[in-house]
Every structure is written in structure tokens, then in C-alpha cells.
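**Q** Encoded as C-alpha cells, here's the structure I'll be asking about.
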Amino acid sequence: MAINSYKQDENINDVSKLKTLGRLFSYLLAHKASIVVVLLIMAYCVCVSLVNPLIIEAAIDNHISTGDYAGLYRLAAIALVLNTILILLVKARMYIMAKVCNKVLVTIRQQLYTHIQTLDFKFFDSRPTGKILARIIGDINSLKDVLSNSVTTLIPDFITICAVVGIMFVRNAKLAAAALISIPLMFVGVWFIQVRSHKRWQIFRKKSSNLNAFVHEDLSGIRIIQSFTAEDETKETFRTLVNEHQRSFMDAVLYADAFGSVIDFCWGLGNVSLWYTGIMLLGVDTVSVGTLVAFGTYISMFWQPIMNLSNFYNQLITNISGAERIFEILDTDAEIVDAKDVTTMPEIVGAVDFDHVGFSYEEGTNVLNDVSFHISPGETIALVGPTGAGKTTIVNLISRFYDIQQGSIRIDGQDIKKVSIESLRQQMGIMTQDNFLFTGTIRENIAYGKLDATDDEIIAAAKAVHAHDFITKLPEGYNTKLEERGGGLSVGQKQLLAFARTMVSMPKILILDEATSSIDTKTELLVQDGIEALLKGRTSFVIAHRLSTIQKADRIFVIDNGGITEQGNAKELMAKKGAYYRLYTAQLQDVVS
């Protein structure tokens, strides 16, 4: 399994961290009342923290040194009440912020998931499912602490630092200058580290996404891996991705851990400078014991918030790449969108026109060239041709899963770009060779084709495709719970359920893309009656590998070289002895041999 396929989004875009932060914090504005309460609590906590050193100074210089124990007890009682309230309010603050942050994460996750649902096939063609999953789960979870600490750490600690500096300089400017002498060194160290750290955390997020994508695909395809005994190769790929993930983490942590070391060093240097200045230079006669103790407390109150802020900043550059990746998807515009002046598609009769249609998935490589045809209401059109000729592309364009680059596509005379996508697709039934089933009951899976379908409609659809008999033999019938992707059912049974899901929607235009590829010949003969009943009276496009199944089609289009090389009914095309004749006889020989 090629490891390069899991590195396709390794390019890292430089985005302003301030812009990303501002956008992230804007989600908190929806919870203004809670944030105001938290800020009021923090204001009280900051005030009490700033007063505590002054209480200690007064207790030493005014009461303990003079023997005024009555005054000391009163001061202690006041301090006890203030700090008890502080402890209770801190608990309340933690609860409120946890509640707010979880609501914000739910909002972001819902917004991201909703936006992803609007994106077109081209977006999913270029990204493994695991990498998208990493955005919705891992990247969003990484933002919780950033959101919480932005309110509980950033604002109060910044206020505390400013207030502490002000109080220290008012009380004794020389001691304050000595205590803060190491600040320039701190700024230089932090700047040096953050420049290198952010890039490394971006790389780590990318490596995490690559690993997640590989594991998701590996587990989804475990049957194929074991069938082809490819376990050793996948283990080697996994080992390589894990090693890259580990190395990127260690590179990032190496710089992240340096933040604390720089702060600790500057803190210690400030303490040494404070005590040396207070005792050796100014002397004990100039500076009282209470003042030195108070300044010692204040310097701790200065550097502890600095440490908190450095941890927050470290946390920020660790997780901001997650926010960047989330916003990258949110800023990805869907290419298939409704125009501003779209109308609702009227009830479809079934006429389909391709008018000089040209289409390519990638610029410079056309899949369809100047394709034109008219389909009358109720016609059944079969599309045949070699793999990659453009058969599935044609039916995907009718449903507007991709937009054409040239020409126009009309249904009942309406340009499909001028009607809403929802009103168009609601009237179409699409069944592909991917018989995907959701976790849930059989009843729920069939009803997915029409969410308000009655039990009678569900059973009728199942009977039409001969799925009813095997469903009723299951332990709980239509209420049988299916495992992930229909585990426990045969491939043919899953295909029949997918067919019933399409039938229950009673579409105006029906698209069957290799719809019977997973059904054995005996079951296919049983289901033909149901298919004919479904095709009757509605325009249908059938892509079939088995040419024997499309003999009753009104017209057969042979698709090759970017266009329709032959068309007509089966009898006419066999008489021409052209491309269809060669395909049919070659397939017949394969069956005989």
C-alpha cells in the first residue's frame, strides 16, 4: 500500500494566528452573559489575590511586630472570608466555562459537518475519509482548552501582571526594577521558541491526519488486505507513518517544553535580584521585613501568570493548527451550488437533452467531448462501453454531481443549472454498484429513499425486488438491526436492500449504475420483473456490465473516446456488427468458455 497517498495534504499554508484566534474567539460572543459572569468572578479573584500580600505585610509590620494579636485575628478573619468566597467562585467559574466551551465545540462541529455535507464530489475525490474525520473529531477536540483558558487565563492573568507591576512600583520602585530585571531576556527567549514551535505543531497535525486516514482505510478494507495477504505491507506502512508521527511530536515538544525552562530561569533570576537588592544594596533599615515578604509574594504573583500565559501560548501554538485546518474546510466553497435566481424544478416528465456537452475532471483531460442527444419521457437508455469511457460521468452530470464546462443539460426544457439542486435530486433515484447500508434496521435503510415512507410502501418496494422473502426469514424481519455496512448479509442481499431503497422513492428519472453487478444470475432473473415495473413509465438510464440484461432497452448508447460512437436498440446494433456487436460477442464467448 503506497505510503505517498497519505501525504497528499502535507503542504502547510501560513495563516495569521491572530486572524485565526479572532475567528475562533468570535464563537464565544454567542454566550456573552456567561462570559460576563465569569469575568466578574475573575475580577473578584484578581482583587483578592492582589490584596493578600498587603494583608501579609500589614500582619507582619503592624500587628505581629507590635504584639497586636487582636488586630491580627481580625485581619485573619477577613482574609479567611475573602479567600473562602474566592475558592467557591473558582469552582463556579470552572463549571460555567466548561459548559460554554462544550457548547462552542458542538456549534463548530455541527457547522463543520453541515458544511461538509454541502461540498461536492470533487472535494471528497481529493481527500481520504480519515483525514476529514480527523478534522471533525480530533482537531475540534483540541480547541477546548484554548477556548476555556482564553477567558480564565488570558484576561485575568494579564490584568494581574499589570496590577502587580503597578503596586510594586508604587510601593518601592527600586525593588520593583530589581525584581523585573529579567523581563527582556524572557521576551527574547519566548520569541525565539515560538517562531520554531508553531511550524512543528502544524507538521504534527498533518502527520496525525495521515495516520488517521491510513488506519480508517486499512480497517475498512481489512477483508481485501487479508484476501491478498498484504498484512506485512500494511504493517510496514503503518510503522512508517507511526514513526513519522512520533518524530514530528518529539520535534514539537522539544520546543514546547523550552517555554517553561525560560520562564523558570527568568523567575529565579528575578528572585535573586530582588533579595540581593533588598538586603545587600538597600539594607534592612530601609526595607521592612513585611515589605520584602510582600514583594516576594508579588514577584511570585507576577511570574506565575507569566508561566500561565506561556503555557497558554504554548497550548495555543500547539492547537491553533487544528483551528486553521477546520477553517480551511469551512472556507472551502462548494463548486456545485444554486445560483441566486434558481427556481424549483417542476414535477419531472422525463425528457433529457444533452446539448454539445463537454466535461473534464481535470483541466486539459476531457472525458466527454461535444456530446449531444435527446431522450424522450419514459425511454430506457442503456449505456455500455469500456471502463473509463464516461458512462458513469454522464449519469453523474444529469444529477448535477459535477458541473459541465461546455454546453448545457436540460430536463423537460429546464437548464439544470437554473433549478435548485434539492428539487432536482429529490425527483431522481440513483442506485450504484456501491450498495452502502447504514447502521440501523432494515426498515430504516429502505426508508432512507423516502423518509416518510409507510410500512406498506416499504414492504411493497421490498416485494418488487424480491427482497421480502429473505427479510421475513431474518430473526426480527424488517426490524432486524444491521451491523456496519450491512455486515451479516450476503453481497446479493445488500444489493437487493439498496434496490428497494431506490424503488421506494418512486423517482421520475431512474439511474442504475451497475445496479445488478452483485446479484447472482438466478437472483437477477427474479429481480428483472421488479426492474421492469420500476422502469415502466419513467425515464431510465442503465449502466450494465452484463449486456444480456439490457436487451429490452429502448436505445443503447455505446460510449467511447469521449462520445457516443453507436446508438440504437439491441437488434439494430447487432445487425450493424460494430462496436456493440464486438462487445456482446466477446462477452458471450467469455460466458461459454
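How things are named: the first chain in the C-alpha cells is A, the next is B, and so on; residues count from 1 in each chain; ligands count from 1 in the order shown.
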Could you write out, as a list in words, all the residues of segment 391-546 of chain A that DSSP marks as strand (DSSP E)?
**A** Gln406, Gly407, Ser408, Ile409, Arg410, Ile411, Gln414, Asp415, Met428, Gly429, Ile430, Met431, Gly440, Thr441, Lys481, Leu482, Ile509, Leu510, Ile511, Leu512, Asp513, Thr539, Ser540, Phe541, Val542 and Ile543 of chain A
**Q** Contacts of Thr332 of chain A at 9 Å or less, counting only C-alpha atoms, minus same-chain residues fewer than 6 places along, as an mmCIF file with all heavy atoms, in the first residue's frame?
**A**
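Result saved to part10.cif:
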data_model
loop_
_atom_site.group_PDB
_atom_site.id
_atom_site.type_symbol
_atom_site.label_atom_id
_atom_site.label_comp_id
_atom_site.auth_asym_id
_atom_site.auth_seq_id
_atom_site.Cartn_x
_atom_site.Cartn_y
_atom_site.Cartn_z
ATOM 1 N N HIS A 115 -21.389 21.944 6.755
ATOM 2 C CA HIS A 115 -20.719 22.491 5.573
ATOM 3 C C HIS A 115 -20.152 21.374 4.696
ATOM 4 O O HIS A 115 -20.258 21.429 3.466
ATOM 5 C CB HIS A 115 -19.589 23.433 6.006
ATOM 6 C CG HIS A 115 -18.845 24.049 4.865
ATOM 7 N ND1 HIS A 115 -19.410 24.979 4.027
ATOM 8 C CD2 HIS A 115 -17.580 23.839 4.393
ATOM 9 C CE1 HIS A 115 -18.533 25.327 3.096
ATOM 10 N NE2 HIS A 115 -17.419 24.652 3.292
ATOM 11 N N LEU A 119 -20.569 20.085 0.321
ATOM 12 C CA LEU A 119 -19.463 20.056 -0.639
ATOM 13 C C LEU A 119 -19.692 18.982 -1.700
ATOM 14 O O LEU A 119 -20.355 17.971 -1.449
ATOM 15 C CB LEU A 119 -18.141 19.833 0.085
ATOM 16 C CG LEU A 119 -17.755 20.946 1.076
ATOM 17 C CD1 LEU A 119 -16.465 20.589 1.795
ATOM 18 C CD2 LEU A 119 -17.619 22.290 0.372
ATOM 19 N N PHE A 123 -14.519 17.527 -3.900
ATOM 20 C CA PHE A 123 -13.867 17.681 -2.600
ATOM 21 C C PHE A 123 -13.517 16.314 -2.012
ATOM 22 O O PHE A 123 -12.403 16.090 -1.528
ATOM 23 C CB PHE A 123 -14.793 18.448 -1.652
ATOM 24 C CG PHE A 123 -14.304 18.511 -0.229
ATOM 25 C CD1 PHE A 123 -13.393 19.474 0.168
ATOM 26 C CD2 PHE A 123 -14.756 17.600 0.718
ATOM 27 C CE1 PHE A 123 -12.942 19.527 1.475
ATOM 28 C CE2 PHE A 123 -14.313 17.650 2.021
ATOM 29 C CZ PHE A 123 -13.395 18.619 2.401
#
**Q** Determine which residues of segment 6-134 of chain A DSSP labels as alpha helix (DSSP H) from the backbone of this structure, then write them out as a ChimeraX atom specification.
**A** /A:17-25,32-58,69-118,121-125,129-134
**Q** Would you mind listing what lies within 7 Å of segment 504-516 of chain A as a PDB file with C-alpha atoms, in the first residue's frame, with only C-alpha atoms counted and same-chain residues fewer than 5 positions away left out?
**A**
ATOM      1  CA  ILE A 348     -40.405  15.977 -13.949  1.00  0.00           C
ATOM      2  CA  VAL A 349     -41.968  14.396 -17.026  1.00  0.00           C
ATOM      3  CA  GLY A 350     -38.715  12.858 -18.189  1.00  0.00           C
ATOM      4  CA  THR A 392     -20.928   6.993 -15.057  1.00  0.00           C
ATOM      5  CA  VAL A 395     -25.380   9.961 -15.263  1.00  0.00           C
ATOM      6  CA  GLN A 427     -37.084  13.515  -8.169  1.00  0.00           C
ATOM      7  CA  MET A 428     -34.242  11.187  -9.098  1.00  0.00           C
ATOM      8  CA  GLY A 429     -33.490   7.681  -7.984  1.00  0.00           C
ATOM      9  CA  ILE A 430     -29.863   6.654  -8.116  1.00  0.00           C
ATOM     10  CA  MET A 431     -28.529   3.200  -7.457  1.00  0.00           C
ATOM     11  CA  THR A 432     -24.855   2.455  -7.868  1.00  0.00           C
ATOM     12  CA  GLN A 433     -22.714  -0.638  -7.570  1.00  0.00           C
ATOM     13  CA  GLY A 449     -35.035   6.517  -0.042  1.00  0.00           C
ATOM     14  CA  LYS A 450     -38.210   8.206   1.238  1.00  0.00           C
ATOM     15  CA  GLU A 457     -44.662   1.317   0.825  1.00  0.00           C
ATOM     16  CA  ILE A 458     -41.519  -0.234   2.331  1.00  0.00           C
ATOM     17  CA  ALA A 461     -40.712  -1.925  -2.572  1.00  0.00           C
ATOM     18  CA  GLU A 524     -31.093 -11.316 -11.223  1.00  0.00           C
ATOM     19  CA  ARG A 538     -40.239   6.772 -16.233  1.00  0.00           C
ATOM     20  CA  THR A 539     -37.052   7.852 -17.963  1.00  0.00           C
ATOM     21  CA  SER A 540     -34.238   5.496 -17.015  1.00  0.00           C
ATOM     22  CA  PHE A 541     -30.506   5.292 -17.571  1.00  0.00           C
ATOM     23  CA  VAL A 542     -28.986   1.845 -17.098  1.00  0.00           C
ATOM     24  CA  ILE A 543     -25.257   1.142 -16.984  1.00  0.00           C
ATOM     25  CA  ALA A 544     -24.776  -2.590 -17.158  1.00  0.00           C
ATOM     26  CA  HIS A 545     -21.782  -4.862 -17.369  1.00  0.00           C
TER      27      HIS A 545
END
**Q** Residues near segment 573-588 of chain A, anyone? I mean within 10 Å using only C-alpha atoms, not counting same-chain ones fewer than 3 positions away, as a list in words.
**A**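 The residues that qualify are Val384, Gly385, Pro386, His545, Arg546, Leu547, Ser548, Arg555, Ile556, Phe557, Val558, Ile559, Asp560, Thr565, Glu566, Gln567, Gly568, Asn569, Ala570, Val591, Val592 and Ser593 of chain A.
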**Q** For the residues in that selection, give me N, CA, C and O atoms as a compact mmCIF listing (two decimals), in the first residue's frame.
**A**
# COMPACT_ATOMS: atom_id res chain seq x y z
N VAL A 384 -23.27 1.53 -22.51
CA VAL A 384 -22.26 0.47 -22.47
C VAL A 384 -20.97 1.03 -23.04
O VAL A 384 -20.95 2.07 -23.69
N GLY A 385 -19.91 0.31 -22.79
CA GLY A 385 -18.61 0.75 -23.30
C GLY A 385 -17.51 0.33 -22.36
O GLY A 385 -17.75 -0.18 -21.26
N PRO A 386 -16.27 0.53 -22.78
CA PRO A 386 -15.13 0.12 -21.94
C PRO A 386 -15.05 0.92 -20.65
O PRO A 386 -15.61 2.02 -20.54
N HIS A 545 -22.93 -4.09 -16.90
CA HIS A 545 -21.78 -4.86 -17.37
C HIS A 545 -22.26 -6.06 -18.18
O HIS A 545 -21.68 -6.41 -19.21
N ARG A 546 -23.34 -6.69 -17.71
CA ARG A 546 -23.90 -7.84 -18.42
C ARG A 546 -24.82 -7.32 -19.52
O ARG A 546 -25.91 -6.81 -19.25
N LEU A 547 -24.40 -7.44 -20.75
CA LEU A 547 -25.18 -6.91 -21.88
C LEU A 547 -26.48 -7.67 -22.06
O LEU A 547 -27.43 -7.15 -22.65
N SER A 548 -26.55 -8.87 -21.51
CA SER A 548 -27.78 -9.65 -21.63
C SER A 548 -28.93 -9.01 -20.86
O SER A 548 -30.10 -9.30 -21.14
N ARG A 555 -33.11 2.24 -26.26
CA ARG A 555 -31.91 2.56 -27.03
C ARG A 555 -30.67 2.21 -26.21
O ARG A 555 -30.68 2.27 -24.97
N ILE A 556 -29.62 1.86 -26.90
CA ILE A 556 -28.34 1.57 -26.27
C ILE A 556 -27.32 2.55 -26.83
O ILE A 556 -27.20 2.71 -28.05
N PHE A 557 -26.63 3.25 -25.93
CA PHE A 557 -25.55 4.15 -26.33
C PHE A 557 -24.22 3.46 -26.06
O PHE A 557 -23.96 3.03 -24.94
N VAL A 558 -23.40 3.34 -27.08
CA VAL A 558 -22.04 2.82 -26.90
C VAL A 558 -21.14 4.03 -26.68
O VAL A 558 -20.98 4.87 -27.57
N ILE A 559 -20.56 4.13 -25.48
CA ILE A 559 -19.74 5.28 -25.11
C ILE A 559 -18.27 4.92 -25.24
O ILE A 559 -17.80 3.93 -24.68
N ASP A 560 -17.53 5.75 -25.99
CA ASP A 560 -16.09 5.53 -26.13
C ASP A 560 -15.47 6.80 -26.71
O ASP A 560 -16.15 7.58 -27.41
N THR A 565 -20.46 6.56 -29.80
CA THR A 565 -19.97 6.03 -31.09
C THR A 565 -21.06 5.27 -31.84
O THR A 565 -21.01 5.19 -33.07
N GLU A 566 -22.01 4.69 -31.12
CA GLU A 566 -23.14 3.98 -31.72
C GLU A 566 -24.37 4.15 -30.86
O GLU A 566 -24.25 4.28 -29.64
N GLN A 567 -25.55 4.12 -31.48
CA GLN A 567 -26.78 4.10 -30.70
C GLN A 567 -27.88 3.42 -31.51
O GLN A 567 -27.90 3.45 -32.73
N GLY A 568 -28.78 2.79 -30.77
CA GLY A 568 -29.90 2.06 -31.37
C GLY A 568 -30.35 0.98 -30.42
O GLY A 568 -29.77 0.82 -29.33
N ASN A 569 -31.39 0.21 -30.79
CA ASN A 569 -31.79 -0.88 -29.91
C ASN A 569 -30.86 -2.08 -30.14
O ASN A 569 -30.02 -2.07 -31.05
N ALA A 570 -31.02 -3.09 -29.30
CA ALA A 570 -30.09 -4.23 -29.35
C ALA A 570 -30.08 -4.90 -30.72
O ALA A 570 -29.02 -5.26 -31.25
N VAL A 591 -18.54 -16.15 -21.43
CA VAL A 591 -19.50 -16.95 -20.66
C VAL A 591 -19.42 -18.42 -21.06
O VAL A 591 -19.40 -19.33 -20.23
N VAL A 592 -19.33 -18.65 -22.38
CA VAL A 592 -19.27 -20.02 -22.88
C VAL A 592 -17.99 -20.72 -22.42
O VAL A 592 -18.00 -21.87 -21.99
N SER A 593 -16.88 -19.97 -22.50
CA SER A 593 -15.60 -20.57 -22.13
C SER A 593 -15.49 -20.74 -20.62
O SER A 593 -14.77 -21.59 -20.14
**Q** Nearest residue to Trp275 of chain A out of A:Ala176, A:Ala79, A:Leu254, A:Val38, using only C-alpha atoms?
**A** A:Ala176
**Q** Could you name the residues that touch Met168 of chain A at 9 Å or less, counting only C-alpha atoms, but leaving out those on the same chain fewer than 4 positions away, as a list of chain:residue names?
**A**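 Here the qualifying residues turn out to be A:Ala163, A:Val164, A:Asn172, A:Ala173, A:Leu175, A:Ala176, A:Ala177, A:Phe295, A:Tyr298, A:Ile299.
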**Q** Fewer than 6 positions away in the same chain doesn't count, so skip those; otherwise give me all residues within 12 Å of Ala98 of chain A, counting only C-alpha atoms, as a compact mmCIF listing (two decimals) with N, CA, C and O atoms, in the first residue's frame.
**A**
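The result, written out as out.txt:
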# COMPACT_ATOMS: atom_id res chain seq x y z
N SER A 34 -22.81 34.45 30.01
CA SER A 34 -21.95 33.54 30.80
C SER A 34 -20.54 34.08 30.90
O SER A 34 -19.90 34.00 31.96
N ILE A 35 -20.03 34.65 29.80
CA ILE A 35 -18.67 35.19 29.80
C ILE A 35 -18.57 36.37 30.75
O ILE A 35 -17.58 36.53 31.48
N VAL A 38 -18.35 35.09 34.26
CA VAL A 38 -17.00 34.56 34.50
C VAL A 38 -16.01 35.70 34.71
O VAL A 38 -15.15 35.64 35.61
N LYS A 91 -14.64 27.47 41.65
CA LYS A 91 -15.37 26.26 41.25
C LYS A 91 -16.52 26.62 40.30
O LYS A 91 -16.75 25.93 39.30
N ALA A 92 -17.24 27.70 40.63
CA ALA A 92 -18.34 28.13 39.77
C ALA A 92 -17.83 28.54 38.39
O ALA A 92 -18.43 28.23 37.36
N VAL A 104 -19.69 25.63 22.53
CA VAL A 104 -18.98 26.19 21.38
C VAL A 104 -18.45 25.07 20.49
O VAL A 104 -18.56 25.13 19.26
N LEU A 105 -17.87 24.02 21.10
CA LEU A 105 -17.35 22.91 20.31
C LEU A 105 -18.46 22.20 19.55
O LEU A 105 -18.27 21.79 18.40
N LYS A 144 -10.67 22.83 22.91
CA LYS A 144 -11.40 23.03 24.17
C LYS A 144 -10.60 23.85 25.17
O LYS A 144 -11.10 24.84 25.73
N ASP A 145 -9.37 23.46 25.42
CA ASP A 145 -8.56 24.16 26.41
C ASP A 145 -8.21 25.58 25.96
O ASP A 145 -8.12 26.49 26.78
N VAL A 146 -8.03 25.77 24.66
CA VAL A 146 -7.73 27.11 24.14
C VAL A 146 -8.89 28.05 24.42
O VAL A 146 -8.69 29.18 24.90
N LEU A 147 -10.10 27.60 24.15
CA LEU A 147 -11.28 28.45 24.38
C LEU A 147 -11.46 28.74 25.86
O LEU A 147 -11.73 29.88 26.25
N SER A 148 -11.32 27.72 26.69
CA SER A 148 -11.52 27.90 28.14
C SER A 148 -10.48 28.82 28.73
O SER A 148 -10.79 29.78 29.45
N ASN A 149 -9.23 28.57 28.42
CA ASN A 149 -8.15 29.35 29.02
C ASN A 149 -8.05 30.76 28.46
O ASN A 149 -7.46 31.64 29.09
N VAL A 151 -10.38 32.83 28.34
CA VAL A 151 -11.15 33.66 29.27
C VAL A 151 -10.59 33.56 30.68
O VAL A 151 -10.38 34.56 31.36
N THR A 152 -10.33 32.34 31.13
CA THR A 152 -9.93 32.13 32.53
C THR A 152 -8.46 32.39 32.79
O THR A 152 -8.05 32.52 33.94
**Q** Hey, can you check how far atom CA of Pro156 of chain A sits from atom CA of Lys199 of chain A?
**A**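 If I compute the distance from atom CA of Pro156 of chain A to atom CA of Lys199 of chain A, I get 28.5 Å.
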**Q** What is the distance, in Å and to one decimal place, between atom CA of Arg400 of chain A and atom CA of Gln495 of chain A?
**A** 24.2 Å
**Q** What does the structure give for the distance between atom CA of Leu241 of chain A and atom CA of Lys131 of chain A, in Å to one decimal?
**A**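 Atom CA of Lys131 of chain A lies at a distance of 13.8 Å from atom CA of Leu241 of chain A.
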**Q** Smallest atom-to-atom distance to Leu269 of chain A: which of A:Ala179, A:Ile132, A:Val36, A:Ala230, using only C-alpha atoms?
**A**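 Using only C-alpha atoms, the shortest distance to Leu269 of chain A belongs to A:Ala179.
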**Q** Hey, what's within 7 Å of Asn212 of chain A if we count only C-alpha atoms and toss same-chain stuff fewer than 2 positions away? As a PDB file with N, CA and C atoms, in the first residue's frame, please?
**A**
ATOM      1  N   GLY A 130     -10.573   9.413   6.240  1.00  0.00           N
ATOM      2  CA  GLY A 130      -9.931   9.521   7.547  1.00  0.00           C
ATOM      3  C   GLY A 130      -9.433  10.921   7.851  1.00  0.00           C
ATOM      4  N   LYS A 131      -8.980  11.636   6.808  1.00  0.00           N
ATOM      5  CA  LYS A 131      -8.468  12.993   7.024  1.00  0.00           C
ATOM      6  C   LYS A 131      -9.610  13.967   7.325  1.00  0.00           C
ATOM      7  N   ALA A 134     -10.590  13.336  10.903  1.00  0.00           N
ATOM      8  CA  ALA A 134      -9.652  13.948  11.841  1.00  0.00           C
ATOM      9  C   ALA A 134     -10.025  15.399  12.131  1.00  0.00           C
ATOM     10  N   SER A 208      -0.615  13.456  12.093  1.00  0.00           N
ATOM     11  CA  SER A 208      -1.729  12.805  12.789  1.00  0.00           C
ATOM     12  C   SER A 208      -2.851  12.502  11.818  1.00  0.00           C
ATOM     13  N   SER A 209      -3.120  13.455  10.934  1.00  0.00           N
ATOM     14  CA  SER A 209      -4.175  13.269   9.934  1.00  0.00           C
ATOM     15  C   SER A 209      -3.826  12.123   8.986  1.00  0.00           C
ATOM     16  N   ASN A 210      -2.565  12.049   8.562  1.00  0.00           N
ATOM     17  CA  ASN A 210      -2.128  10.975   7.666  1.00  0.00           C
ATOM     18  C   ASN A 210      -2.310   9.607   8.323  1.00  0.00           C
ATOM     19  N   PHE A 214      -4.912   6.564   7.171  1.00  0.00           N
ATOM     20  CA  PHE A 214      -4.448   5.210   6.850  1.00  0.00           C
ATOM     21  C   PHE A 214      -5.199   4.163   7.676  1.00  0.00           C
ATOM     22  N   VAL A 215      -5.311   4.390   8.985  1.00  0.00           N
ATOM     23  CA  VAL A 215      -5.986   3.419   9.857  1.00  0.00           C
ATOM     24  C   VAL A 215      -7.440   3.242   9.442  1.00  0.00           C
ATOM     25  N   HIS A 216      -8.107   4.356   9.120  1.00  0.00           N
ATOM     26  CA  HIS A 216      -9.514   4.282   8.702  1.00  0.00           C
ATOM     27  C   HIS A 216      -9.659   3.434   7.445  1.00  0.00           C
TER      28      HIS A 216
END
**Q** Out of A:Gly138, A:Gly189, A:Gly562, A:Pro377, which residue has the shortest atom-to-atom distance to Ser261 of chain A when counting only C-alpha atoms?
**A**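 Of the candidates, the smallest distance to Ser261 of chain A is held by A:Gly189.
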